[in-house]
$ cat my_file_30.cif   # mmCIF, C-alpha atoms
data_upload
loop_
_atom_site.label_atom_id
_atom_site.label_comp_id
_atom_site.auth_asym_id
_atom_site.auth_seq_id
_atom_site.Cartn_x
_atom_site.Cartn_y
_atom_site.Cartn_z
CA MET L 153 17.07 13.83 9.60
CA ARG L 154 13.54 14.84 8.73
CA ILE L 155 11.79 13.21 5.77
CA LYS L 156 8.21 13.67 4.62
CA PRO L 157 6.08 10.97 2.96
CA LEU L 158 4.11 11.98 -0.13
CA ARG L 159 1.97 8.84 -0.16
CA VAL L 160 0.69 6.39 2.42
CA ASP L 161 2.53 3.44 0.87
CA ALA L 162 5.97 5.14 0.81
CA ILE L 163 8.52 2.75 2.31
CA LEU L 164 10.82 4.23 4.93
CA PRO L 165 14.46 4.21 3.79
CA ARG L 166 16.59 1.95 5.96
CA TYR L 167 20.01 0.41 6.42
CA ALA L 168 20.00 -3.30 5.51
CA THR L 169 22.56 -4.24 8.19
CA ASP L 170 24.42 -2.61 11.06
CA GLY L 171 27.50 -2.39 8.83
CA SER L 172 25.75 -0.82 5.83
CA GLY L 173 27.45 2.35 4.61
CA CYS L 174 24.35 3.46 2.70
CA PHE L 175 20.63 3.23 3.31
CA ASP L 176 18.27 1.67 0.77
CA LEU L 177 15.59 3.53 -1.16
CA PHE L 178 12.50 1.56 -2.13
CA THR L 179 9.76 1.67 -4.74
CA PRO L 180 6.20 1.71 -3.39
CA GLU L 181 4.83 0.31 -6.66
CA ASP L 182 5.71 -2.11 -9.45
CA VAL L 183 8.17 -0.56 -11.90
CA SER L 184 7.35 -0.10 -15.57
CA TRP L 185 10.22 -0.06 -18.06
CA PHE L 186 10.16 1.98 -21.26
CA TYR L 187 12.29 1.46 -24.34
CA GLU L 188 13.97 4.68 -25.45
CA ASP L 189 17.10 5.43 -27.44
CA GLY L 190 18.09 1.76 -27.59
CA PHE L 191 17.78 1.06 -23.85
CA TYR L 192 15.14 0.25 -21.26
CA THR L 193 14.70 2.93 -18.60
CA ALA L 194 12.47 3.32 -15.58
CA THR L 195 11.70 6.49 -13.65
CA ILE L 196 10.79 5.60 -10.08
CA LYS L 197 9.26 7.89 -7.47
CA THR L 198 10.21 6.98 -3.91
CA GLY L 199 7.38 8.88 -2.24
CA TRP L 200 9.75 10.87 0.02
CA ILE L 201 11.00 14.43 0.40
CA PHE L 202 14.23 14.77 2.40
CA GLU L 203 15.30 17.70 4.54
CA ILE L 204 19.02 17.27 3.98
CA PRO L 205 21.01 19.18 6.62
CA ASP L 206 22.93 22.28 5.56
CA GLY L 207 26.51 21.45 4.67
CA HIS L 208 25.54 17.93 3.55
CA THR L 209 24.58 16.29 0.26
CA LEU L 210 22.63 13.13 -0.48
CA PHE L 211 24.57 10.91 -2.86
CA GLY L 212 22.58 8.14 -4.53
CA PHE L 213 24.22 5.05 -5.96
CA SER L 214 23.25 1.94 -7.88
CA ARG L 215 22.71 -1.26 -5.95
CA SER L 216 25.48 -3.81 -6.52
CA GLY L 217 23.01 -6.60 -7.23
CA HIS L 218 21.35 -4.60 -9.99
CA GLY L 219 24.69 -4.03 -11.68
CA PHE L 220 26.12 -7.53 -11.37
CA LYS L 221 22.93 -9.53 -11.87
CA ALA L 222 20.81 -7.37 -14.18
CA HIS L 223 23.25 -4.92 -15.85
CA THR L 224 21.16 -2.09 -14.45
CA HIS L 225 22.33 1.16 -12.88
CA LEU L 226 21.37 4.78 -12.27
CA VAL L 227 21.15 6.73 -15.52
CA ASN L 228 23.35 9.49 -14.10
CA CYS L 229 25.66 6.97 -12.36
CA VAL L 230 25.69 8.99 -9.10
CA ALA L 231 22.77 11.12 -7.99
CA VAL L 232 23.67 14.36 -6.23
CA ILE L 233 20.84 15.91 -4.19
CA ASP L 234 21.62 19.31 -2.70
CA SER L 235 20.57 20.35 0.81
CA ASP L 236 18.21 23.05 -0.50
CA TYR L 237 16.19 20.68 -2.73
CA ARG L 238 12.72 19.98 -1.34
CA GLY L 239 11.21 17.87 -4.09
CA GLU L 240 10.53 14.15 -4.23
CA ILE L 241 13.51 11.82 -4.48
CA ILE L 242 13.18 10.17 -7.89
CA ILE L 243 15.47 7.45 -9.24
CA LYS L 244 15.96 6.73 -12.95
CA LEU L 245 17.41 3.35 -13.86
CA ILE L 246 18.79 2.15 -17.18
CA CYS L 247 19.14 -1.51 -18.16
CA LEU L 248 21.89 -2.56 -20.57
CA LYS L 249 20.32 -5.99 -21.25
CA HIS L 250 17.62 -6.82 -23.79
CA VAL L 251 15.22 -7.80 -21.02
CA PRO L 252 15.02 -5.53 -17.96
CA PRO L 253 14.59 -7.04 -14.50
CA GLN L 254 11.23 -7.17 -12.78
CA ILE L 255 11.14 -4.70 -9.92
CA LYS L 256 8.10 -5.08 -7.71
CA ALA L 257 6.61 -2.83 -5.05
CA GLY L 258 8.67 -2.98 -1.88
CA MET L 259 12.00 -3.72 -3.57
CA ALA L 260 15.11 -1.63 -3.01
CA ILE L 261 15.94 0.43 -6.11
CA ALA L 262 19.03 2.41 -5.06
CA GLN L 263 21.21 3.17 -2.08
CA ALA L 264 22.16 6.56 -0.68
CA ALA L 265 24.34 8.28 1.88
CA ILE L 266 24.23 11.72 3.46
CA ILE L 267 27.77 13.06 3.32
CA GLU L 268 29.20 16.24 4.77
CA THR L 269 30.24 18.53 1.91
CA PRO L 270 32.09 21.60 3.13
CA LYS L 271 32.19 24.69 0.96
CA VAL L 272 35.59 25.63 -0.41
CA PHE L 273 36.73 29.07 -1.44
CA PHE L 274 38.88 29.47 -4.52
CA GLU L 275 42.04 31.51 -4.47
CA VAL L 276 43.39 32.35 -7.92
CA THR L 277 47.17 32.40 -8.09
CA HIS L 278 49.67 32.78 -10.89
CA ASP L 279 52.45 31.38 -8.72
CA GLU L 280 53.50 27.73 -8.76
CA LEU L 281 51.23 25.33 -6.89
CA SER L 282 52.70 23.02 -4.26
CA LYS L 283 54.71 20.06 -5.58
CA THR L 284 53.62 16.44 -5.14
CA GLU L 285 55.27 13.12 -5.92
CA ARG L 286 52.74 12.47 -8.69
CA GLY L 287 52.82 15.93 -10.21
CA ALA L 288 50.88 16.21 -13.48
CA ASP L 289 51.08 12.51 -14.38
CA GLY L 290 47.60 11.45 -15.42
CA PHE L 291 45.62 8.41 -16.49
CA GLY L 292 47.21 5.16 -15.36
CA SER L 293 50.26 6.84 -13.89
CA THR L 294 49.78 5.43 -10.40
CA THR L 295 49.92 1.82 -11.64
CA LYS L 296 53.27 2.10 -13.44
CA SER L 297 55.75 -0.49 -12.23
#
$ encode --input "my_file_30.cif" --output "structure tokens"
Amino acid sequence: MRIKPLRVDAILPRYATDGSGCFDLFTPEDVSWFYEDGFYTATIKTGWIFEIPDGHTLFGFSRSGHGFKAHTHLVNCVAVIDSDYRGEIIIKLICLKHVPPQIKAGMAIAQAAIIETPKVFFEVTHDELSKTERGADGFGSTTKS
């Protein structure tokens, strides 16, 4: 997949291990946190533009360590970057603690995956839909004993 650096110090995204399901995104500079609406947030430019293949979407996720150790996650929980977007990949973090973590240049700030996302076509019907074992049972219904 083609990606374009916007700055000389942009850090190439990479998989941490052979078994990694997502690749890491990094900050090329120290992160500054700002207090707004009762929380600390940080908007972080990665320095990269991605050419996401047609029929695919980049999904960005919080790093587990940020969540478990620093109570920090992506503001929008999951980032969805469409294949026709050609702007810089920017990550916004929110910290739920009173003191946000220090994030220095070179540190991983999020993880992402390129996932095939086929288009579906909607067919409106007024007939019954197919039956399933679950049916219309909702929240918590699959854990009933």
$ residues_around --input "my_file_30.cif" --residues "L:Ile201" --least-positions-apart "3" --cutoff "8 Å" --atoms "only C-alpha atoms" --output "list in words"
Ile155, Lys156, Pro157, Leu158, Arg238, Gly239, Glu240 and Ile241 of chain L
$ resolve_selection --input "my_file_30.cif" --expression "the PyMOL selection byres ((chain L and resi 198) around 8)" --output "PyMOL selection string"
chain L and resi 162-163+177-180+196-197+199-200+240-243
$ resolve_selection --input "my_file_30.cif" --expression "the PyMOL selection byres ((chain L and resi 248) around 7)" --output "list in words"
Phe191, His223, Thr224, Ile246, Cys247, Lys249 and His250 of chain L
$ atom_distance --input "my_file_30.cif" --atom1 "atom CA of L:His208" --atom2 "atom CA of L:Thr269"
5.0 Å
$ resolve_selection --input "my_file_30.cif" --expression "the PyMOL selection byres ((chain L and resi 255) around 12)" --output "PyMOL selection string"
chain L and resi 178-185+194-196+218+222+224+245+247+252-254+256-262
$ atom_distance --input "my_file_30.cif" --atom1 "atom CA of L:Val230" --atom2 "atom CA of L:Val272"
21.2 Å
$ atom_distance --input "my_file_30.cif" --atom1 "atom CA of L:Val251" --atom2 "atom CA of L:Tyr187"
10.3 Å
$ residues_around --input "my_file_30.cif" --residues "L:Leu210" --least-positions-apart "2" --cutoff "8 Å" --atoms "all atoms listed in the file" --output "list in words"
Ile204, His208, Gly212, Ala231, Val232, Ile233, Asp234, Ser235, Ala264, Ala265, Ile266 and Ile267 of chain L
$ closest_residue --input "my_file_30.cif" --among "L:Arg154, L:Phe175, L:Val160, L:Leu226" --to "L:Glu203" --atoms "all atoms listed in the file"
L:Arg154
$ closest_residue --input "my_file_30.cif" --among "L:Phe273, L:Tyr192, L:Tyr167, L:Phe202" --to "L:Val227" --atoms "only C-alpha atoms"
L:Tyr192
$ closest_residue --input "my_file_30.cif" --among "L:Ser214, L:Arg286, L:Gly207, L:Gly190" --to "L:Cys174" --atoms "only C-alpha atoms"
L:Ser214
$ closest_residue --input "my_file_30.cif" --among "L:Asp289, L:Thr294, L:Asp206, L:Lys221" --to "L:Tyr237" --atoms "all atoms listed in the file"
L:Asp206
$ axis_aligned_box --input "my_file_30.cif" --around "stretch 253-269 of chain L" --padding-each-side "6 Å" --output "JSON"
{"center_x": 18.4, "center_y": 5.7, "center_z": -4.9, "size_x": 35.6, "size_y": 37.7, "size_z": 31.3}
